[in-house]
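So this one's run_27.csv, CSV, C-alpha atoms:
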chain,number,residue,atom,x,y,z
C,1,MET,CA,98.6,128.6,95.9
C,2,ARG,CA,96.1,128.2,93.1
C,3,ASP,CA,96.1,125.7,90.3
C,4,VAL,CA,97.1,127.2,87.0
C,5,ALA,CA,97.7,124.0,85.1
C,6,PRO,CA,95.2,121.5,86.4
C,7,ARG,CA,95.7,117.8,85.7
C,8,PRO,CA,93.3,116.5,83.1
C,9,ASP,CA,90.6,114.3,84.4
C,10,VAL,CA,90.7,112.1,81.3
C,11,ALA,CA,93.2,111.7,78.5
C,12,ALA,CA,94.0,109.5,75.5
C,13,VAL,CA,94.8,106.0,76.5
C,14,ARG,CA,98.4,105.7,77.6
C,15,PRO,CA,100.5,103.7,75.1
C,16,GLY,CA,100.9,100.1,76.4
C,17,GLU,CA,97.6,100.2,78.3
C,18,GLU,CA,95.2,99.7,75.4
C,19,LEU,CA,92.7,96.8,75.7
C,20,ASP,CA,90.8,94.8,73.2
C,21,TRP,CA,88.4,97.5,72.4
C,22,PRO,CA,86.2,95.6,69.9
C,23,ALA,CA,85.8,92.7,72.4
C,24,LEU,CA,84.9,95.2,75.1
C,25,GLU,CA,82.4,97.0,73.0
C,26,ASP,CA,80.7,93.8,71.9
C,27,TYR,CA,80.6,92.5,75.5
C,28,LEU,CA,79.1,95.8,76.9
C,29,ARG,CA,76.5,96.0,74.1
C,30,ALA,CA,75.4,92.4,74.9
C,31,HIS,CA,75.3,92.8,78.7
C,32,LEU,CA,74.1,96.4,78.9
C,33,PRO,CA,71.5,96.5,76.1
C,34,GLU,CA,70.4,100.0,77.0
C,35,VAL,CA,73.6,101.5,75.7
C,36,ARG,CA,73.4,103.1,72.2
C,37,GLY,CA,75.5,105.2,70.0
C,38,GLU,CA,79.1,105.3,68.9
C,39,PHE,CA,81.7,103.6,71.1
C,40,SER,CA,84.8,105.6,72.3
C,41,VAL,CA,87.3,105.3,75.1
C,42,LEU,CA,89.5,107.7,77.1
C,43,GLN,CA,91.6,106.9,80.2
C,44,PHE,CA,91.6,108.3,83.7
C,45,PRO,CA,95.4,109.0,83.8
C,46,ASN,CA,96.0,110.0,87.4
C,47,GLY,CA,95.6,106.7,89.3
C,48,SER,CA,98.7,104.6,90.0
C,49,ALA,CA,97.5,100.9,89.9
C,50,ASN,CA,94.1,99.8,88.5
C,51,LEU,CA,93.5,100.7,84.9
C,52,THR,CA,90.4,102.9,84.7
C,53,TYR,CA,88.7,104.0,81.5
C,54,LEU,CA,85.9,106.3,80.5
C,55,VAL,CA,83.8,104.4,77.9
C,56,ARG,CA,81.2,106.3,76.0
C,57,PHE,CA,78.3,105.0,73.8
C,58,GLY,CA,77.2,108.3,72.2
C,59,ASP,CA,76.3,110.6,75.0
C,60,GLU,CA,76.2,107.9,77.7
C,61,ALA,CA,79.3,107.5,79.8
C,62,LEU,CA,80.4,104.5,81.9
C,63,VAL,CA,83.5,103.7,83.9
C,64,VAL,CA,85.4,100.4,83.3
C,65,ARG,CA,88.0,99.3,85.8
C,66,ARG,CA,90.4,96.3,85.6
C,67,PRO,CA,93.5,95.3,87.6
C,68,PRO,CA,96.9,96.4,86.4
C,69,PHE,CA,99.0,94.2,84.1
C,70,GLY,CA,101.5,91.7,85.5
C,71,THR,CA,101.8,90.0,88.8
C,72,ILE,CA,99.1,90.8,91.3
C,73,ALA,CA,99.4,90.4,95.1
C,74,ALA,CA,96.9,88.0,96.6
C,75,GLY,CA,93.7,89.8,97.5
C,76,ALA,CA,94.7,93.0,95.7
C,77,HIS,CA,92.8,94.8,92.9
C,78,ASP,CA,89.6,92.8,93.6
C,79,MET,CA,87.1,94.0,91.0
C,80,ARG,CA,84.4,91.5,92.3
C,81,ARG,CA,84.7,93.0,95.8
C,82,GLU,CA,84.5,96.6,94.4
C,83,HIS,CA,81.4,95.7,92.4
C,84,THR,CA,79.8,94.1,95.4
C,85,VAL,CA,80.3,97.2,97.4
C,86,LEU,CA,79.2,99.6,94.7
C,87,SER,CA,76.1,97.7,93.8
C,88,ARG,CA,74.9,97.7,97.5
C,89,LEU,CA,76.3,100.7,99.2
C,90,HIS,CA,74.9,103.4,97.0
C,91,GLY,CA,71.6,103.7,98.8
C,92,ALA,CA,73.1,104.0,102.3
C,93,TYR,CA,76.1,106.1,101.2
C,94,PRO,CA,75.3,108.1,98.1
C,95,ARG,CA,78.9,109.2,97.7
C,96,ALA,CA,79.6,105.7,96.4
C,97,PRO,CA,79.0,105.5,92.6
C,98,LEU,CA,76.6,102.8,91.5
C,99,GLY,CA,78.1,99.5,90.3
C,100,LEU,CA,76.4,98.3,87.1
C,101,HIS,CA,78.0,95.1,86.1
C,102,TYR,CA,80.9,92.7,86.9
C,103,CYS,CA,82.6,90.5,84.3
C,104,ALA,CA,84.6,87.5,85.5
C,105,ASP,CA,85.5,86.3,82.0
C,106,GLU,CA,89.1,87.3,81.6
C,107,SER,CA,89.1,86.4,77.9
C,108,VAL,CA,87.3,89.7,77.1
C,109,ILE,CA,90.0,92.2,78.0
C,110,GLY,CA,92.6,90.0,79.7
C,111,ALA,CA,91.3,90.4,83.3
C,112,HIS,CA,88.1,90.5,85.3
C,113,PHE,CA,86.5,94.0,85.3
C,114,LEU,CA,83.7,96.1,86.6
C,115,VAL,CA,81.4,98.7,85.1
C,116,SER,CA,80.1,101.6,87.2
C,117,GLU,CA,78.3,104.9,86.6
C,118,TYR,CA,80.4,107.9,85.6
C,119,ARG,CA,80.2,111.0,87.7
C,120,THR,CA,81.3,114.5,86.8
C,121,GLY,CA,83.0,116.6,89.4
C,122,VAL,CA,86.3,118.0,90.6
C,123,VAL,CA,89.2,116.1,92.2
C,124,VAL,CA,91.8,117.9,94.3
C,125,TRP,CA,95.4,116.9,93.6
C,126,ASP,CA,98.2,119.1,94.7
C,127,ARG,CA,96.5,122.5,94.6
C,128,VAL,CA,93.1,124.1,94.9
C,129,PRO,CA,91.3,123.8,91.5
C,130,THR,CA,89.9,127.0,90.2
C,131,GLN,CA,86.4,125.3,90.2
C,132,LEU,CA,86.6,125.1,94.0
C,133,ASP,CA,88.2,128.4,94.7
C,134,VAL,CA,85.0,129.8,96.2
C,135,GLY,CA,84.8,131.8,99.4
C,136,PRO,CA,87.1,131.9,102.4
C,137,ASP,CA,89.2,129.1,103.9
C,138,VAL,CA,88.8,126.9,100.9
C,139,GLY,CA,91.5,124.5,102.0
C,140,ARG,CA,90.0,123.9,105.4
C,141,ARG,CA,86.6,123.4,103.9
C,142,ILE,CA,88.0,120.8,101.5
C,143,GLY,CA,89.8,119.0,104.3
C,144,PHE,CA,86.9,118.9,106.7
C,145,ALA,CA,84.6,117.7,103.9
C,146,VAL,CA,86.9,114.8,103.3
C,147,VAL,CA,87.0,113.9,107.0
C,148,ASP,CA,83.2,114.1,107.2
C,149,ALA,CA,82.9,111.8,104.2
C,150,LEU,CA,85.1,109.3,106.0
C,151,ALA,CA,83.2,109.5,109.2
C,152,ASP,CA,79.9,109.1,107.5
C,153,LEU,CA,81.1,105.9,105.8
C,154,HIS,CA,82.1,104.5,109.2
C,155,LEU,CA,78.6,105.2,110.5
C,156,VAL,CA,76.9,103.2,107.8
C,157,ASP,CA,75.0,100.1,109.0
C,158,HIS,CA,76.8,97.5,106.9
C,159,HIS,CA,74.2,94.8,107.7
C,160,ALA,CA,71.3,97.0,106.5
C,161,CYS,CA,72.9,97.5,103.1
C,162,GLY,CA,73.8,93.8,102.6
C,163,LEU,CA,77.5,94.1,103.3
C,164,GLY,CA,77.5,92.2,106.7
C,165,GLU,CA,79.6,89.4,105.1
C,166,LEU,CA,82.1,91.5,103.3
C,167,GLY,CA,85.0,90.7,105.7
C,168,ARG,CA,86.0,89.1,109.0
C,169,PRO,CA,86.4,91.8,111.6
C,170,ASP,CA,87.9,89.4,114.2
C,171,GLY,CA,91.6,89.5,114.0
C,172,TYR,CA,91.5,92.2,111.3
C,173,LEU,CA,94.6,94.1,112.4
C,174,GLU,CA,96.7,91.0,112.8
C,175,ARG,CA,95.8,89.9,109.3
C,176,GLN,CA,96.5,93.3,107.9
C,177,VAL,CA,100.0,93.5,109.3
C,178,GLY,CA,100.8,89.9,108.3
C,179,GLY,CA,99.4,90.4,104.8
C,180,TRP,CA,101.3,93.6,104.2
C,181,GLN,CA,104.5,92.0,105.6
C,182,ARG,CA,104.1,89.3,103.0
C,183,ARG,CA,103.5,91.8,100.2
C,184,TRP,CA,106.7,93.6,101.3
C,185,GLU,CA,108.7,90.4,101.3
C,186,ALA,CA,107.5,89.7,97.7
C,187,VAL,CA,108.9,93.0,96.4
C,188,ALA,CA,111.8,93.9,98.7
C,189,LEU,CA,115.0,94.5,96.7
C,190,ASP,CA,117.5,95.7,99.2
C,191,GLY,CA,117.7,97.8,102.3
C,192,ARG,CA,115.0,95.8,103.9
C,193,GLY,CA,115.9,96.7,107.5
C,194,THR,CA,113.8,99.8,107.9
C,195,LEU,CA,110.4,98.4,106.8
C,196,ASP,CA,111.0,95.1,108.5
C,197,ARG,CA,111.7,97.0,111.7
C,198,VAL,CA,108.4,99.0,111.3
C,199,GLY,CA,106.5,95.7,110.9
C,200,GLU,CA,108.1,94.4,114.1
C,201,LEU,CA,107.0,97.5,116.0
C,202,LEU,CA,103.5,97.4,114.7
C,203,VAL,CA,103.1,93.8,115.8
C,204,ARG,CA,104.6,94.6,119.2
C,205,HIS,CA,102.2,97.5,119.8
C,206,LEU,CA,99.1,96.1,118.1
C,207,PRO,CA,96.0,97.9,119.5
C,208,GLU,CA,92.7,96.4,120.5
C,209,SER,CA,90.0,97.3,117.9
C,210,GLY,CA,86.7,98.7,118.7
C,211,PRO,CA,83.4,97.9,116.9
C,212,PRO,CA,83.9,97.1,113.2
C,213,ALA,CA,82.8,99.3,110.4
C,214,LEU,CA,83.0,99.5,106.6
C,215,VAL,CA,86.6,100.3,105.8
C,216,HIS,CA,87.6,101.8,102.4
C,217,ASN,CA,91.3,101.0,102.9
C,218,ASP,CA,92.6,103.8,100.6
C,219,PHE,CA,90.8,106.8,101.8
C,220,LYS,CA,92.5,110.1,100.8
C,221,VAL,CA,91.8,113.5,99.4
C,222,ASP,CA,92.4,112.5,95.8
C,223,ASN,CA,90.0,109.6,96.0
C,224,CYS,CA,87.2,112.1,96.7
C,225,GLN,CA,85.3,114.3,94.3
C,226,PHE,CA,83.5,117.6,94.7
C,227,ALA,CA,80.9,119.5,92.8
C,228,ALA,CA,82.2,122.6,91.0
C,229,GLY,CA,81.7,125.6,93.2
C,230,ASP,CA,81.2,123.7,96.5
C,231,PRO,CA,84.4,122.8,98.4
C,232,GLY,CA,82.5,122.0,101.5
C,233,VAL,CA,80.9,118.7,100.5
C,234,VAL,CA,82.4,115.5,99.0
C,235,THR,CA,80.0,114.2,96.4
C,236,SER,CA,81.8,111.0,95.4
C,237,VAL,CA,84.4,108.5,96.7
C,238,PHE,CA,86.3,106.2,94.4
C,239,ASP,CA,88.5,103.1,94.5
C,240,TRP,CA,86.7,100.6,96.5
C,241,ASP,CA,88.6,97.4,95.5
C,242,MET,CA,90.1,96.9,99.0
C,243,ALA,CA,86.9,97.7,101.0
C,244,THR,CA,86.1,95.3,103.8
C,245,LEU,CA,84.8,95.1,107.4
C,246,GLY,CA,87.4,95.9,110.0
C,247,ASP,CA,88.8,98.5,112.3
C,248,PRO,CA,87.7,102.0,111.0
C,249,LEU,CA,90.7,103.7,112.5
C,250,THR,CA,92.9,102.2,109.8
C,251,ASP,CA,91.2,104.5,107.4
C,252,LEU,CA,91.8,107.4,109.6
C,253,GLY,CA,95.5,106.4,109.8
C,254,THR,CA,95.7,106.2,106.0
C,255,LEU,CA,94.1,109.6,105.7
C,256,LEU,CA,96.5,111.2,108.2
C,257,ASN,CA,99.5,109.6,106.3
C,258,TYR,CA,98.4,111.4,103.1
C,259,TRP,CA,97.8,114.7,104.9
C,260,PRO,CA,100.7,117.2,104.6
C,261,ASP,CA,99.5,120.1,106.7
C,262,GLY,CA,102.6,122.2,107.4
C,263,THR,CA,103.0,120.9,111.0
C,264,THR,CA,104.4,117.4,110.3
C,265,PRO,CA,106.5,116.5,107.2
C,266,ALA,CA,105.0,114.1,104.8
C,267,GLU,CA,108.1,113.7,102.6
C,268,GLY,CA,107.7,111.0,100.0
C,269,VAL,CA,104.0,110.9,100.3
C,270,PRO,CA,102.2,111.7,97.1
C,271,GLY,CA,99.4,114.0,98.0
C,272,VAL,CA,98.0,117.5,98.4
C,273,GLU,CA,100.9,119.8,99.1
C,274,HIS,CA,99.5,123.3,98.6
C,275,VAL,CA,95.9,123.2,99.6
C,276,GLY,CA,95.9,124.7,103.1
C,277,LEU,CA,94.4,121.7,104.8
C,278,PRO,CA,93.5,121.7,108.5
C,279,ARG,CA,96.1,120.4,110.9
C,280,ARG,CA,96.3,116.7,111.7
C,281,ASP,CA,95.1,117.1,115.2
C,282,GLU,CA,92.0,119.0,113.8
C,283,VAL,CA,91.4,116.1,111.5
C,284,VAL,CA,91.2,113.7,114.5
C,285,GLN,CA,89.0,116.1,116.5
C,286,ARG,CA,86.6,116.5,113.5
C,287,TYR,CA,86.4,112.8,113.0
C,288,ALA,CA,85.9,112.1,116.7
C,289,ALA,CA,83.1,114.7,116.8
C,290,ARG,CA,81.4,113.3,113.7
C,291,THR,CA,81.5,109.7,114.9
C,292,GLY,CA,81.0,110.2,118.6
C,293,LEU,CA,84.4,108.6,119.5
C,294,ASP,CA,86.7,109.9,122.2
C,295,LEU,CA,90.1,110.2,120.3
C,296,THR,CA,93.4,112.0,120.5
C,297,ARG,CA,96.3,111.9,118.1
C,298,ARG,CA,98.0,109.5,120.6
C,299,ASP,CA,95.0,107.2,120.2
C,300,VAL,CA,95.6,107.0,116.5
C,301,ALA,CA,99.4,107.0,116.4
C,302,TRP,CA,99.6,103.2,115.7
C,303,TYR,CA,97.2,103.6,112.8
C,304,GLU,CA,99.1,106.5,111.3
C,305,ALA,CA,102.3,104.5,111.5
C,306,PHE,CA,100.6,101.5,109.9
C,307,GLY,CA,99.2,103.7,107.1
C,308,CYS,CA,102.7,105.1,106.4
C,309,TRP,CA,104.2,101.6,106.4
C,310,LYS,CA,101.5,100.3,104.0
C,311,THR,CA,102.0,103.2,101.7
C,312,ALA,CA,105.8,102.5,101.5
C,313,VAL,CA,105.0,98.9,100.5
C,314,ILE,CA,102.5,100.0,97.9
C,315,LEU,CA,105.0,102.4,96.3
C,316,GLN,CA,107.6,99.5,96.2
C,317,GLN,CA,105.0,97.3,94.5
C,318,LEU,CA,104.4,99.9,91.9
C,319,TYR,CA,108.1,100.4,91.3
C,320,VAL,CA,108.8,96.7,91.0
C,321,ARG,CA,106.0,96.3,88.5
C,322,HIS,CA,107.6,99.0,86.4
C,323,LEU,CA,111.0,97.3,86.7
C,324,ARG,CA,109.4,94.1,85.4
C,325,GLY,CA,108.0,95.9,82.4
C,326,GLU,CA,104.5,95.3,83.6
C,327,SER,CA,103.6,99.0,83.6
C,328,ALA,CA,103.9,101.5,80.8
C,329,ASP,CA,103.5,104.4,83.2
C,330,ASP,CA,106.8,106.3,83.6
C,331,ARG,CA,105.6,107.9,86.8
C,332,MET,CA,106.4,104.6,88.5
C,333,THR,CA,110.1,105.3,88.4
C,334,ALA,CA,109.5,108.1,90.9
C,335,ARG,CA,107.6,105.8,93.2
C,336,GLY,CA,110.8,103.9,93.8
C,337,GLU,CA,112.6,107.0,94.7
C,338,GLN,CA,109.9,107.8,97.3
C,339,VAL,CA,110.2,104.5,99.2
C,340,GLY,CA,113.3,105.3,101.2
C,341,HIS,CA,111.8,108.7,102.4
C,342,ILE,CA,108.5,107.3,103.5
C,343,ALA,CA,110.1,104.2,105.0
C,344,ALA,CA,112.1,106.5,107.3
C,345,ARG,CA,109.0,108.4,108.2
C,346,ALA,CA,107.1,105.1,109.0
C,347,LEU,CA,109.9,104.1,111.3
C,348,ALA,CA,110.0,107.5,113.0
C,349,LEU,CA,106.2,107.2,113.7
C,350,ALA,CA,106.5,103.5,114.8
C,351,GLU,CA,109.3,104.4,117.3
C,352,THR,CA,106.9,106.7,119.1
C,353,LEU,CA,104.5,103.8,120.0
Written form, structure tokens:
Amino acid sequence: MRDVAPRPDVAAVRPGEELDWPALEDYLRAHLPEVRGEFSVLQFPNGSANLTYLVRFGDEALVVRRPPFGTIAAGAHDMRREHTVLSRLHGAYPRAPLGLHYCADESVIGAHFLVSEYRTGVVVWDRVPTQLDVGPDVGRRIGFAVVDALADLHLVDHHACGLGELGRPDGYLERQVGGWQRRWEAVALDGRGTLDRVGELLVRHLPESGPPALVHNDFKVDNCQFAAGDPGVVTSVFDWDMATLGDPLTDLGTLLNYWPDGTTPAEGVPGVEHVGLPRRDEVVQRYAARTGLDLTRRDVAWYEAFGCWKTAVILQQLYVRHLRGESADDRMTARGEQVGHIAARALALAETL
């Protein structure tokens, strides 16, 4: 299937998600003195949590990101962390946009925020965009390009690029499971049994991690960008606010969770439905070949179950934020409807461990 009505990359700012534009303009002109020209703002409308804006000064474009409105889970939406990564990783991993500035002064727009370079390109959502419909096996080329981009990230020498202190790899998986269990407890409304049971199974079957690597923590197809006309190479990777040092297979598990490929249902998972991606076992094989690891689907089963469980918690967080009136994005109602489906899938995966 080919995309006949592509999602817009940018749009007018969603009602209720406006910021103090004069304050932002004044701040950016003061701290980025190279900007010139008339100030204008559009919004990147397709993300679900952080608020991300395209800010222009004349012909020069910048990206401004801040956390969502309302209650924020501890450690989530960390703009300082994202800026640290983007300001140091670019040289070793050119797919990371360059971080330009971080503002800790919440009086400017109501939250801390970062500024990064803006990159043009094509994002794959639920169908093959016409700009990437070039040559044979487009869906497979897109999929393998995403896997290669993930593997290349995990091969980065984090010490050499100044990110050796980004996280604490020892005990990473235990902290991840415990942290997401606490996030779930903070937003659980009813029907807690399924996701609580998944958490219990993940603790019981906790694997032993290999050598640590840079972990993106939300690596998926629609966080990748391609150059128009080239579906075989990912040029940019976005959304680095949860990046850390830890077990790289958690990224692979997240990617598999968001990977509907026609062989295993991904009901309730927002993702690319009609692209023609490689099979999940091919994803594991490609990743293993690129990284030099000896892996099978069985080796990453725990990580896929964890990725699915974590996604269910994230969807519940988004839904509860909407119920509290902290989000003006009507799409968040549907996130609540997805939680039950994906919780059931998480349990089915966890029961295979």
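With distances taken over all atoms listed in the file, C:Val108 is the one residue among C:Ala243, C:Ala301, C:Leu62, C:Val108 lying closest to Asp26 (chain C).
When CA of Leu202 (chain C) is paired with CA of Ala305 (chain C), their separation reads 7.9 Å.
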### Selection: 7 Å around region 215-219 of chain C, all atoms listed in the file, excl. self and same-chain fewer than 3 positions, as JSON, numbers by chain
{"C": [223, 240, 242, 243, 244, 245, 246, 248, 251, 254, 255]}
Could those selected residues go to a file with C-alpha atoms, as a short mmCIF file (atom, residue, chain, number, x, y, z; two decimals), in the frame of the given file?
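As written to disk, result16.cif reads:
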data_model
loop_
_atom_site.label_atom_id
_atom_site.label_comp_id
_atom_site.auth_asym_id
_atom_site.auth_seq_id
_atom_site.Cartn_x
_atom_site.Cartn_y
_atom_site.Cartn_z
CA ASN C 223 90.00 109.60 96.00
CA TRP C 240 86.70 100.60 96.50
CA MET C 242 90.10 96.90 99.00
CA ALA C 243 86.90 97.70 101.00
CA THR C 244 86.10 95.30 103.80
CA LEU C 245 84.80 95.10 107.40
CA GLY C 246 87.40 95.90 110.00
CA PRO C 248 87.70 102.00 111.00
CA ASP C 251 91.20 104.50 107.40
CA THR C 254 95.70 106.20 106.00
CA LEU C 255 94.10 109.60 105.70
#
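Here CA of Tyr172 (chain C) and CA of Thr296 (chain C) stand 21.9 Å from one another.
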### Task
Please indicate the distance in Å from CA of Met79 (chain C) to CA of Leu100 (chain C), rounded to one decimal place.
12.2 Å
### Query
Which one is closest to Glu200 (chain C): C:Pro67, C:Arg80, C:Pro129, C:Gln181? Count all atoms listed in the file.
C:Gln181
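Near Phe306 (chain C), within 9 Å and counting all atoms listed in the file, sit Val177, Val198, Gly199, Leu202, Thr250, Gly253, Thr254, Asn257, Ala301, Trp302, Tyr303, Glu304, Cys308, Trp309, Lys310, Thr311, Ala346, Leu349 and Ala350 of chain C; same-chain residues fewer than 2 positions away were not included.
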### Query
Mind listing as a ChimeraX atom specification all residues within 12 Å of (106.4, 93.0, 101.4), counting only C-alpha atoms?
/C:73-74,176-190,192-196,198-199,309-318,320
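For region 82-92 of chain C, the non-local neighbours within 9 Å, defined as residues at least 4 positions apart in the same chain or in other chains and counting all atoms listed in the file, are C:His77, C:Asp78, C:Ala96, C:Pro97, C:Leu98, C:Gly99, C:Leu100, C:His101, C:Tyr102, C:Phe113, C:Leu114, C:Val115, C:Ser116, C:Leu153, C:Val156, C:Asp157, C:His158, C:Ala160, C:Cys161, C:Gly162, C:Leu163, C:Leu166, C:Asp239, C:Trp240, C:Asp241, C:Met242, C:Ala243, C:Thr244.
The closest residue to Tyr93 (chain C), picked from C:Gly135, C:Gly276, C:Arg345, C:Val237 and counting only C-alpha atoms, is C:Val237.
Around the coordinate (91.7, 100.4, 86.5), residues that reach within 7 Å when counting all atoms listed in the file are Ala49, Asn50, Leu51, Thr52, Tyr53, Arg65, Arg66, Pro67 and Pro68 of chain C.
Shortest atom-to-atom contact with Asp247 (chain C) among C:Ala213, C:Val35, C:Val134, C:Ala23: C:Ala213, counting only C-alpha atoms.
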### Contacts of Ala228 (chain C) at 12 Å (only C-alpha atoms; same-chain gap of 6+ positions) as a ChimeraX atom specification
/C:120-124,128-134,234-235
